[in-house]
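Participant: Hey, dropping start-v5.cif in here, mmCIF, C-alpha atoms:
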```cif
data_input
#
loop_
_atom_site.label_atom_id
_atom_site.label_comp_id
_atom_site.auth_asym_id
_atom_site.auth_seq_id
_atom_site.Cartn_x
_atom_site.Cartn_y
_atom_site.Cartn_z
CA MET E 1122 58.79 73.25 50.08
CA SER E 1123 58.10 74.02 53.65
CA VAL E 1124 54.77 73.48 55.26
CA SER E 1125 53.61 76.13 57.68
CA GLY E 1126 51.35 75.42 60.60
CA PRO E 1127 47.89 76.80 61.08
CA PRO E 1128 47.79 80.58 61.31
CA ALA E 1129 47.88 81.97 64.80
CA PRO E 1130 44.46 83.04 65.99
CA SER E 1131 44.06 86.77 65.75
CA LYS E 1132 43.85 88.54 69.04
CA SER E 1133 40.82 90.60 69.86
CA TRP E 1134 41.32 94.34 70.23
CA THR E 1135 40.50 94.15 73.92
CA LEU E 1136 43.26 91.57 74.47
CA ARG E 1137 45.76 93.62 72.48
CA LEU E 1138 44.79 96.75 74.39
CA ARG E 1139 45.12 94.96 77.74
CA GLU E 1140 48.52 93.53 76.84
CA ARG E 1141 49.78 96.94 75.77
CA ALA E 1142 48.40 98.59 78.89
CA VAL E 1143 49.93 96.02 81.26
CA GLN E 1144 53.23 96.16 79.37
CA ALA E 1145 53.35 99.95 79.57
CA LEU E 1146 52.13 100.20 83.14
CA PRO E 1147 52.38 96.97 85.15
CA PRO E 1148 50.49 96.94 88.48
CA GLU E 1149 53.68 97.40 90.55
CA LYS E 1150 54.36 100.65 88.68
CA LEU E 1151 50.74 101.80 88.70
CA LEU E 1152 50.37 101.42 92.46
CA PRO E 1153 53.88 101.20 93.94
CA GLU E 1154 54.28 100.46 97.63
CA GLY E 1155 57.21 102.85 98.01
CA GLN E 1156 58.96 105.82 96.48
CA PRO E 1157 62.67 106.58 96.01
CA THR E 1158 64.22 108.29 99.03
CA TYR E 1159 64.96 111.45 97.03
CA VAL E 1160 61.19 112.07 96.96
CA ALA E 1161 61.44 112.83 100.71
CA SER E 1162 61.61 116.60 100.12
CA TRP E 1163 58.94 119.27 100.49
CA ILE E 1164 59.35 120.32 96.86
CA TYR E 1165 57.91 116.96 95.77
CA VAL E 1166 54.73 117.59 97.79
CA PHE E 1167 53.30 120.28 95.53
CA GLY E 1168 52.16 117.86 92.83
CA VAL E 1169 49.85 116.02 95.19
CA LEU E 1170 48.76 119.33 96.73
CA SER E 1171 47.68 120.41 93.24
CA LEU E 1172 45.70 117.18 92.89
CA SER E 1173 44.08 117.70 96.31
CA SER E 1174 42.99 121.23 95.52
CA LEU E 1175 41.69 120.08 92.14
CA ALA E 1176 39.54 117.49 93.93
CA VAL E 1177 38.08 120.21 96.20
CA ILE E 1178 37.46 122.43 93.16
CA ILE E 1179 35.56 119.67 91.37
CA LEU E 1180 33.51 118.65 94.41
CA SER E 1181 32.53 122.22 95.36
CA GLY E 1182 31.88 122.99 91.68
CA CYS E 1183 29.50 120.02 91.43
CA VAL E 1184 27.52 121.36 94.40
CA LEU E 1185 27.36 124.85 92.84
CA ALA E 1186 26.25 123.38 89.49
CA LEU E 1187 23.49 121.42 91.20
CA LYS E 1188 22.08 124.41 93.08
CA GLY E 1189 22.54 127.32 90.63
CA PRO E 1190 23.27 131.08 90.81
CA ASP E 1191 20.32 132.02 93.04
CA TRP E 1192 21.57 129.61 95.68
CA TRP E 1193 25.23 130.62 95.62
CA HIS E 1194 24.36 134.34 95.72
CA PHE E 1195 21.51 134.48 98.24
CA THR E 1196 21.98 131.72 100.84
CA GLY E 1197 24.54 131.31 103.58
CA VAL E 1198 25.49 127.76 102.58
CA GLY E 1199 25.65 128.91 98.98
CA HIS E 1200 28.09 131.67 99.95
CA PHE E 1201 30.17 129.09 101.79
CA PHE E 1202 30.44 126.74 98.79
CA ASN E 1203 31.06 129.69 96.50
CA SER E 1204 33.98 130.72 98.72
CA VAL E 1205 35.29 127.15 98.98
CA HIS E 1206 35.27 126.94 95.18
CA LEU E 1207 37.04 130.31 94.78
CA TRP E 1208 39.73 129.71 97.38
CA SER E 1209 40.44 126.16 96.26
CA VAL E 1210 41.08 127.61 92.79
CA GLU E 1211 43.42 130.21 94.30
CA LEU E 1212 45.21 127.43 96.20
CA PHE E 1213 45.32 125.25 93.07
CA PHE E 1214 47.16 127.92 91.11
CA PHE E 1215 49.38 128.78 94.07
CA VAL E 1216 50.67 125.21 94.53
CA MET E 1217 50.62 124.39 90.82
CA VAL E 1218 52.93 127.31 90.03
CA ILE E 1219 55.36 126.23 92.77
CA HIS E 1220 55.15 122.67 91.38
CA LEU E 1221 55.94 124.12 87.94
CA TRP E 1222 58.90 126.12 89.28
CA GLY E 1223 60.28 123.08 91.08
CA LYS E 1224 60.01 120.84 88.04
CA TYR E 1225 61.43 123.52 85.74
CA TRP E 1226 64.55 124.05 87.84
CA MET E 1227 65.14 120.30 88.20
CA ALA E 1228 64.60 119.87 84.41
CA ALA E 1229 61.88 117.30 84.95
CA TRP E 1230 61.80 116.39 81.25
CA ARG E 1231 65.07 114.43 81.66
CA GLY E 1232 65.21 110.68 81.16
CA GLY E 1233 62.43 110.34 78.60
CA ARG E 1234 59.95 112.39 80.65
CA ALA E 1235 59.13 114.93 77.93
CA ARG E 1236 55.47 113.87 77.82
CA VAL E 1237 55.21 114.21 81.60
CA TRP E 1238 56.43 117.80 81.33
CA ILE E 1239 54.26 118.59 78.29
CA THR E 1240 51.02 117.27 79.82
CA GLY E 1241 51.74 119.25 83.00
CA ALA E 1242 52.45 122.45 81.10
CA ILE E 1243 49.33 122.08 78.93
CA THR E 1244 47.24 121.44 82.05
CA PHE E 1245 48.49 124.75 83.46
CA LEU E 1246 47.62 126.56 80.22
CA VAL E 1247 44.13 125.00 80.03
CA ALA E 1248 43.49 125.84 83.69
CA ILE E 1249 43.82 129.57 82.95
CA PRO E 1250 40.78 129.85 80.60
CA CYS E 1251 38.93 127.46 82.92
CA ALA E 1252 39.41 129.94 85.76
CA LEU E 1253 38.54 132.89 83.50
CA THR E 1254 35.26 131.31 82.39
CA GLY E 1255 34.50 130.73 86.06
CA TYR E 1256 35.00 134.39 86.89
CA VAL E 1257 32.66 135.44 84.06
CA SER E 1258 30.05 132.84 85.14
CA GLN E 1259 29.46 134.36 88.57
CA GLN E 1260 26.32 136.21 87.43
CA ASN E 1261 27.09 139.51 89.15
CA PHE E 1262 28.60 142.90 88.36
CA ASP E 1263 32.08 141.54 88.90
CA SER E 1264 31.59 138.97 86.15
CA GLN E 1265 30.09 141.64 83.89
CA TRP E 1266 33.14 143.83 84.34
CA ILE E 1267 35.58 140.94 83.80
CA SER E 1268 33.76 139.68 80.71
CA THR E 1269 33.76 143.07 79.00
CA GLN E 1270 37.45 143.53 79.74
CA ALA E 1271 38.26 139.97 78.63
CA LYS E 1272 36.16 140.46 75.47
CA ASP E 1273 38.46 143.30 74.47
CA ALA E 1274 41.47 141.10 75.18
CA MET E 1275 40.07 138.29 73.01
CA ASN E 1276 39.38 140.73 70.18
CA ALA E 1277 42.86 142.20 70.53
CA VAL E 1278 44.53 138.82 70.03
CA GLY E 1279 42.25 137.92 67.10
CA ILE E 1280 40.12 135.13 68.61
CA GLY E 1281 37.11 137.23 69.53
CA ALA E 1282 35.05 135.66 66.72
CA PHE E 1283 35.18 132.25 68.39
CA PHE E 1284 34.32 133.14 71.99
CA ASN E 1285 31.66 135.52 73.24
CA LEU E 1286 32.55 136.26 76.83
CA LEU E 1287 29.27 138.12 77.32
CA ASN E 1288 27.34 134.92 76.56
CA PHE E 1289 26.71 133.31 79.96
CA GLY E 1290 25.49 130.01 78.50
CA GLN E 1291 28.59 129.58 76.36
CA MET E 1292 30.98 130.53 79.15
CA TYR E 1293 29.18 128.32 81.69
CA SER E 1294 29.37 125.34 79.31
CA TYR E 1295 33.07 125.92 78.85
CA HIS E 1296 33.55 126.28 82.59
CA ILE E 1297 31.65 123.28 83.89
CA LEU E 1298 32.02 120.79 81.02
CA LEU E 1299 34.56 121.30 78.25
CA LEU E 1300 37.55 122.76 80.07
CA PRO E 1301 37.22 120.68 83.29
CA THR E 1302 36.98 117.52 81.17
CA ALA E 1303 40.15 118.51 79.35
CA ILE E 1304 41.91 119.23 82.65
CA VAL E 1305 40.87 115.93 84.23
CA LEU E 1306 41.97 113.94 81.15
CA LEU E 1307 45.30 115.78 81.06
CA VAL E 1308 45.87 115.26 84.79
CA VAL E 1309 45.08 111.53 84.49
CA ALA E 1310 47.55 111.25 81.61
CA HIS E 1311 50.11 113.27 83.59
CA VAL E 1312 49.83 111.04 86.67
CA LEU E 1313 49.95 107.81 84.63
CA LEU E 1314 53.06 109.07 82.83
CA VAL E 1315 54.67 109.88 86.18
CA ARG E 1316 53.87 106.33 87.30
CA LYS E 1317 55.35 104.93 84.10
CA HIS E 1318 58.60 106.92 84.09
CA GLY E 1319 59.02 107.45 87.82
CA VAL E 1320 59.62 110.71 89.66
CA VAL E 1321 62.55 112.60 88.17
CA PRO E 1322 65.72 112.22 90.28
CA PRO E 1323 67.66 115.31 91.39
CA PHE E 1324 70.73 116.39 89.41
CA GLU E 1325 73.29 115.08 91.89
CA LEU E 1326 71.69 111.65 91.82
CA THR E 1327 71.51 111.80 88.03
CA GLY E 1328 75.30 112.11 87.87
CA ARG E 1329 75.78 109.21 90.25
CA LEU E 1330 73.37 107.05 88.30
CA ALA E 1331 75.15 107.82 85.05
CA ALA E 1332 78.54 107.09 86.64
CA ALA E 1333 77.28 103.84 88.12
CA ASP E 1334 75.76 102.73 84.86
CA GLY E 1335 78.81 103.58 82.77
CA SER E 1336 79.15 105.93 79.86
CA ALA E 1337 77.33 103.61 77.43
CA SER E 1338 73.88 103.67 78.99
CA GLY E 1339 74.01 106.56 81.39
CA THR E 1340 70.90 108.21 79.99
CA ALA E 1341 68.90 105.00 80.03
CA ALA E 1342 69.41 104.78 83.77
CA LEU E 1343 67.35 107.95 84.20
CA SER E 1344 64.20 106.45 82.75
CA ALA E 1345 63.23 104.68 85.96
CA PRO E 1346 63.61 105.36 89.67
CA PRO E 1347 66.87 104.04 91.11
CA THR E 1348 67.01 100.80 92.96
CA ALA E 1349 69.58 99.61 95.44
CA SER E 1350 71.77 98.19 92.69
CA ASP E 1351 71.68 101.41 90.68
CA VAL E 1352 73.08 103.72 93.30
CA PRO E 1353 76.67 103.67 94.53
CA ALA E 1354 77.51 104.04 98.18
CA PRO E 1355 76.21 107.44 99.29
CA SER E 1356 78.75 110.01 100.37
CA GLY E 1357 76.22 112.13 102.20
CA ALA E 1358 73.09 114.06 101.42
CA GLU E 1359 72.93 117.44 99.81
CA GLY E 1360 69.98 119.79 99.54
CA GLY E 1361 67.80 117.50 101.59
CA VAL E 1362 68.28 114.63 99.15
CA ALA E 1363 69.74 111.34 100.23
CA ALA E 1364 71.23 109.10 97.57
CA GLU E 1365 69.95 105.91 99.06
CA PRO E 1366 68.04 102.96 97.68
CA VAL E 1367 64.31 102.73 97.40
CA GLU E 1368 62.46 102.41 100.65
CA PRO E 1369 58.86 101.47 101.25
CA SER E 1370 56.47 104.19 102.25
CA SER E 1371 55.16 104.03 105.75
CA MET P 1130 40.51 139.94 107.04
CA ALA P 1131 37.96 142.51 105.94
CA ALA P 1132 37.91 143.77 109.52
CA ILE P 1133 41.65 144.42 109.38
CA PHE P 1134 41.94 145.72 105.82
CA ASN P 1135 39.54 148.09 104.14
CA LEU P 1136 38.58 146.16 101.01
CA ASN P 1137 35.94 148.67 99.88
CA GLN P 1138 38.37 150.63 97.79
CA PRO P 1139 40.51 150.06 94.69
CA ALA P 1140 43.73 148.18 95.34
CA HIS P 1141 47.04 150.02 95.46
CA TYR P 1142 49.08 149.57 92.32
CA VAL P 1143 52.84 149.54 91.90
CA HIS P 1144 54.14 151.15 88.72
CA TRP P 1145 57.72 150.46 87.67
CA HIS P 1146 58.63 151.09 84.02
CA PHE P 1147 56.27 148.85 82.03
CA ILE P 1148 55.32 146.78 85.10
CA ASP P 1149 51.90 147.63 86.54
CA VAL P 1150 50.82 145.23 89.26
CA SER P 1151 48.51 145.46 92.25
CA LEU P 1152 49.84 145.21 95.79
CA PRO P 1153 47.77 142.07 96.59
CA ASN P 1154 49.27 140.34 93.56
CA ILE P 1155 52.79 141.34 94.62
CA ILE P 1156 52.14 139.92 98.09
CA VAL P 1157 50.92 136.61 96.62
CA ILE P 1158 53.98 136.39 94.33
CA VAL P 1159 56.35 137.09 97.23
CA VAL P 1160 54.62 134.48 99.41
CA MET P 1161 54.94 131.95 96.58
CA LEU P 1162 58.67 132.66 96.32
CA VAL P 1163 59.06 132.26 100.08
CA VAL P 1164 57.15 128.96 100.07
CA PHE P 1165 59.23 127.75 97.12
CA ALA P 1166 62.48 128.54 98.95
CA ALA P 1167 61.19 126.96 102.14
CA ALA P 1168 60.18 123.79 100.27
CA ILE P 1169 63.75 123.41 99.04
CA LEU P 1170 65.56 124.37 102.24
CA LEU P 1171 63.44 122.93 105.04
CA PRO P 1172 64.24 119.32 106.02
CA PHE P 1173 61.53 116.78 105.33
CA PRO P 1174 60.37 114.80 108.39
CA LYS P 1175 61.56 111.21 108.43
CA PRO P 1176 58.83 108.57 108.43
CA ARG P 1177 58.16 106.88 111.73
CA GLU P 1178 59.35 103.30 112.11
CA SER P 1179 56.44 101.05 111.25
CA GLY P 1180 58.11 97.88 112.48
CA ILE P 1181 57.14 96.12 109.26
CA GLU P 1182 60.00 94.51 107.39
CA SER P 1183 59.61 94.49 103.63
#
```
What do you get writing this file as structure tokens?

Facilitator:
Amino acid sequence: MSVSGPPAPSKSWTLRLRERAVQALPPEKLLPEGQPTYVASWIYVFGVLSLSSLAVIILSGCVLALKGPDWWHFTGVGHFFNSVHLWSVELFFFVMVIHLWGKYWMAAWRGGRARVWITGAITFLVAIPCALTGYVSQQNFDSQWISTQAKDAMNAVGIGAFFNLLNFGQMYSYHILLLPTAIVLLVVAHVLLVRKHGVVPPFELTGRLAAADGSASGTAALSAPPTASDVPAPSGAEGGVAAEPVEPSS
Amino acid sequence: MAAIFNLNQPAHYVHWHFIDVSLPNIIVIVVMLVVFAAAILLPFPKPRESGIES
């Protein structure tokens, strides 16, 4: 008969949560000091441009929410912040769609990055009603026209019973609280997942990584950015992408 | 911009089969395609030497 030792002390939920968080996203992945060299392409800039425009949207939106419709319609500074909010939204969609195109054509869901792709795509879909509720919250004839047109669209697709686009209070709540909260949470998850899995390598580099890693674990090599030992000797760059080891950012 | 273009009128629309899109929207879509192509084709500037060995 064997004698077992004293039972291991149970870990608190905070300790378990911390251990899981650090295991999933260690500090060197959360805040890396460098990026792979293949990130040195303009097409990789549009993600951070989307984040920048989102920050301007949120800041200008906070100012508008503090001051109210009378201020943004009838004062010069109010007009300015109203315009900043509008044009940062236009810019947000402009760069986000190019970011989406870029990631689609480089199949950014490769190497276990499905959740990165999904959170990005859902963010785009949630951003559309967030913009729509903003247009109908302007408190002018433009918003009246848009809300009546959008009401017909909602009724046509069978969800008109859940949303009343002519109800300013409901639309304003959606616009400044519910949908922005969803977008911010999705964006945070998206960025953390990018940190965890690394930026997706281009196709040419994918082939080299798979060849370097051998046929047995070629796919596994895609789950993290390449390091110097992962990449064979480069034979030249193609499409602005250099197959070189990781370098620190300046 | 308003001094150059008369914005106090309905936008011009392009009709082609089932496609019905305003001229401003077409311009934005074309500019997006141009920026997308430029982002792929234009060389990215190399970082300046910082002199810090890592």

Participant: Could you tell me which residues of chain P sit within 9 Å of chain E when counting only C-alpha atoms, and give me the result as a short mmCIF file (atom, residue, chain, number, x, y, z; two decimals) with C-alpha atoms, in the frame of the given file?

Facilitator:
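See out.cif below for the written result:
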```
data_model
loop_
_atom_site.label_atom_id
_atom_site.label_comp_id
_atom_site.auth_asym_id
_atom_site.auth_seq_id
_atom_site.Cartn_x
_atom_site.Cartn_y
_atom_site.Cartn_z
CA VAL P 1157 50.92 136.61 96.62
CA ILE P 1158 53.98 136.39 94.33
CA MET P 1161 54.94 131.95 96.58
CA LEU P 1162 58.67 132.66 96.32
CA VAL P 1164 57.15 128.96 100.07
CA PHE P 1165 59.23 127.75 97.12
CA ALA P 1167 61.19 126.96 102.14
CA ALA P 1168 60.18 123.79 100.27
CA ILE P 1169 63.75 123.41 99.04
CA LEU P 1170 65.56 124.37 102.24
CA LEU P 1171 63.44 122.93 105.04
CA PRO P 1172 64.24 119.32 106.02
CA PHE P 1173 61.53 116.78 105.33
CA PRO P 1174 60.37 114.80 108.39
CA LYS P 1175 61.56 111.21 108.43
CA PRO P 1176 58.83 108.57 108.43
CA ARG P 1177 58.16 106.88 111.73
CA GLU P 1178 59.35 103.30 112.11
CA SER P 1179 56.44 101.05 111.25
CA ILE P 1181 57.14 96.12 109.26
CA SER P 1183 59.61 94.49 103.63
#
```

Participant: What gap, in Å, lies between CA of Phe1213 in chain E and CA of Leu1175 in chain E?

Facilitator: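 Calculated distance between CA of Phe1213 in chain E and CA of Leu1175 in chain E is 6.4 Å.
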
Participant: Residue by residue, what does the PyMOL selection byres ((chain P and resi 1152-1154) around 6) grab here? Present the result as a PyMOL selection string.

Facilitator: chain P and resi 1141-1142+1151+1155-1157

Participant: Please return as a list in words every residue within 8 Å of (57.1, 106.2, 88.5), taking into account only C-alpha atoms and the file's own coordinates.

Facilitator: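 Answer for this query, in the requested form: Lys1150, Leu1151, Leu1314, Val1315, Arg1316, Lys1317, His1318, Gly1319, Val1320, Ala1345 and Pro1346 of chain E.
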
Participant: Just to be explicit: take each residue in the selection above, keep C-alpha atoms, and write the result as a PDB file, keeping the file's coordinate frame.

Facilitator:
```pdb
ATOM      1  CA  LYS E1150      54.360 100.650  88.680  1.00  0.00           C
ATOM      2  CA  LEU E1151      50.740 101.800  88.700  1.00  0.00           C
ATOM      3  CA  LEU E1314      53.060 109.070  82.830  1.00  0.00           C
ATOM      4  CA  VAL E1315      54.670 109.880  86.180  1.00  0.00           C
ATOM      5  CA  ARG E1316      53.870 106.330  87.300  1.00  0.00           C
ATOM      6  CA  LYS E1317      55.350 104.930  84.100  1.00  0.00           C
ATOM      7  CA  HIS E1318      58.600 106.920  84.090  1.00  0.00           C
ATOM      8  CA  GLY E1319      59.020 107.450  87.820  1.00  0.00           C
ATOM      9  CA  VAL E1320      59.620 110.710  89.660  1.00  0.00           C
ATOM     10  CA  ALA E1345      63.230 104.680  85.960  1.00  0.00           C
ATOM     11  CA  PRO E1346      63.610 105.360  89.670  1.00  0.00           C
TER      12      PRO E1346
END
```

Participant: Adding 4 Å on each side of the box along x, y and z that holds all listed atoms of range 1273-1276 of chain E, could you give its centre and edge lengths in Å to one decimal, as JSON?

Facilitator:
```
{"center_x": 40.0, "center_y": 140.8, "center_z": 72.7, "size_x": 11.0, "size_y": 13.0, "size_z": 13.0}
```

Participant: Please enumerate the residues selected by the PyMOL selection byres ((chain E and resi 1225-1231) around 9) when evaluated against the supplied file, formatted as a list in words.

Facilitator: His1220, Leu1221, Trp1222, Gly1223, Lys1224, Gly1232, Gly1233, Arg1234, Ala1235, Arg1236, Val1237, Trp1238, Ile1239, Val1320, Val1321, Pro1322, Pro1323, Phe1324, Thr1340, Leu1343 and Ser1344 of chain E

Participant: Just C-alpha atoms for this one: save the residues we selected as a compact mmCIF listing (two decimals), in the coordinates of the input.

Facilitator:
```
# COMPACT_ATOMS: atom_id res chain seq x y z
CA HIS E 1220 55.15 122.67 91.38
CA LEU E 1221 55.94 124.12 87.94
CA TRP E 1222 58.90 126.12 89.28
CA GLY E 1223 60.28 123.08 91.08
CA LYS E 1224 60.01 120.84 88.04
CA GLY E 1232 65.21 110.68 81.16
CA GLY E 1233 62.43 110.34 78.60
CA ARG E 1234 59.95 112.39 80.65
CA ALA E 1235 59.13 114.93 77.93
CA ARG E 1236 55.47 113.87 77.82
CA VAL E 1237 55.21 114.21 81.60
CA TRP E 1238 56.43 117.80 81.33
CA ILE E 1239 54.26 118.59 78.29
CA VAL E 1320 59.62 110.71 89.66
CA VAL E 1321 62.55 112.60 88.17
CA PRO E 1322 65.72 112.22 90.28
CA PRO E 1323 67.66 115.31 91.39
CA PHE E 1324 70.73 116.39 89.41
CA THR E 1340 70.90 108.21 79.99
CA LEU E 1343 67.35 107.95 84.20
CA SER E 1344 64.20 106.45 82.75
```

Participant: Run the PyMOL selection byres ((chain E and resi 1178) around 12) against the file shown and list the residues it catches, as a ChimeraX atom specification.

Facilitator: /E:1171-1177,1179-1186,1202-1214,1248,1251-1252,1255,1296-1297,1301,1304-1305

Participant: Quick check, in Å to one decimal: how far apart do CA of Leu1300 in chain E and CA of Leu1253 in chain E lie?

Facilitator: 10.7 Å

Participant: What's the 9 Å shell around Leu1286 in chain E, counting all atoms listed in the file, without same-chain residues fewer than 5 positions away, as a PyMOL selection string?

Facilitator: chain E and resi 1254+1257+1267-1269+1271-1272+1275+1281+1291-1292

Participant: Rounded to one decimal, what separation in Å do you get between CA of Tyr1293 in chain E and CA of Leu1170 in chain E?

Facilitator: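 Atom-to-atom, CA of Tyr1293 in chain E and CA of Leu1170 in chain E are spaced 26.3 Å apart.
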
Participant: For range 1143-1162 of chain P, where the input has fewer atoms than it should, I would like N, CA and C atoms rebuilt and written as a compact mmCIF listing (two decimals), in the coordinates of the input.

Facilitator:
```
# COMPACT_ATOMS: atom_id res chain seq x y z
N VAL P 1143 51.43 149.19 91.96
CA VAL P 1143 52.84 149.54 91.90
C VAL P 1143 53.21 149.71 90.43
N HIS P 1144 53.72 150.87 90.08
CA HIS P 1144 54.14 151.15 88.72
C HIS P 1144 55.66 151.21 88.68
N TRP P 1145 56.26 150.42 87.82
CA TRP P 1145 57.72 150.46 87.67
C TRP P 1145 58.03 150.18 86.20
N HIS P 1146 58.43 151.20 85.47
CA HIS P 1146 58.63 151.09 84.02
C HIS P 1146 57.36 150.54 83.37
N PHE P 1147 57.45 149.41 82.68
CA PHE P 1147 56.27 148.85 82.03
C PHE P 1147 55.47 147.94 82.97
N ILE P 1148 56.00 147.68 84.17
CA ILE P 1148 55.32 146.78 85.10
C ILE P 1148 54.25 147.55 85.87
N ASP P 1149 53.04 147.00 85.87
CA ASP P 1149 51.90 147.63 86.54
C ASP P 1149 51.14 146.53 87.26
N VAL P 1150 51.38 146.37 88.55
CA VAL P 1150 50.82 145.23 89.26
C VAL P 1150 50.26 145.69 90.60
N SER P 1151 49.15 145.06 91.00
CA SER P 1151 48.51 145.46 92.25
C SER P 1151 49.28 144.93 93.45
N LEU P 1152 49.14 145.62 94.56
CA LEU P 1152 49.84 145.21 95.79
C LEU P 1152 49.42 143.81 96.25
N PRO P 1153 48.12 143.45 96.22
CA PRO P 1153 47.77 142.07 96.59
C PRO P 1153 48.46 141.02 95.72
N ASN P 1154 48.59 141.30 94.42
CA ASN P 1154 49.27 140.34 93.56
C ASN P 1154 50.75 140.24 93.90
N ILE P 1155 51.37 141.38 94.22
CA ILE P 1155 52.79 141.34 94.62
C ILE P 1155 52.95 140.50 95.88
N ILE P 1156 52.04 140.69 96.83
CA ILE P 1156 52.14 139.92 98.09
C ILE P 1156 52.03 138.42 97.81
N VAL P 1157 51.08 138.03 96.94
CA VAL P 1157 50.92 136.61 96.62
C VAL P 1157 52.19 136.06 95.95
N ILE P 1158 52.77 136.84 95.03
CA ILE P 1158 53.98 136.39 94.33
C ILE P 1158 55.13 136.23 95.32
N VAL P 1159 55.27 137.18 96.23
CA VAL P 1159 56.35 137.09 97.23
C VAL P 1159 56.15 135.88 98.13
N VAL P 1160 54.90 135.65 98.56
CA VAL P 1160 54.62 134.48 99.41
C VAL P 1160 54.94 133.19 98.66
N MET P 1161 54.62 133.14 97.37
CA MET P 1161 54.94 131.95 96.58
C MET P 1161 56.45 131.71 96.53
N LEU P 1162 57.21 132.80 96.35
CA LEU P 1162 58.67 132.66 96.32
C LEU P 1162 59.20 132.17 97.66
```
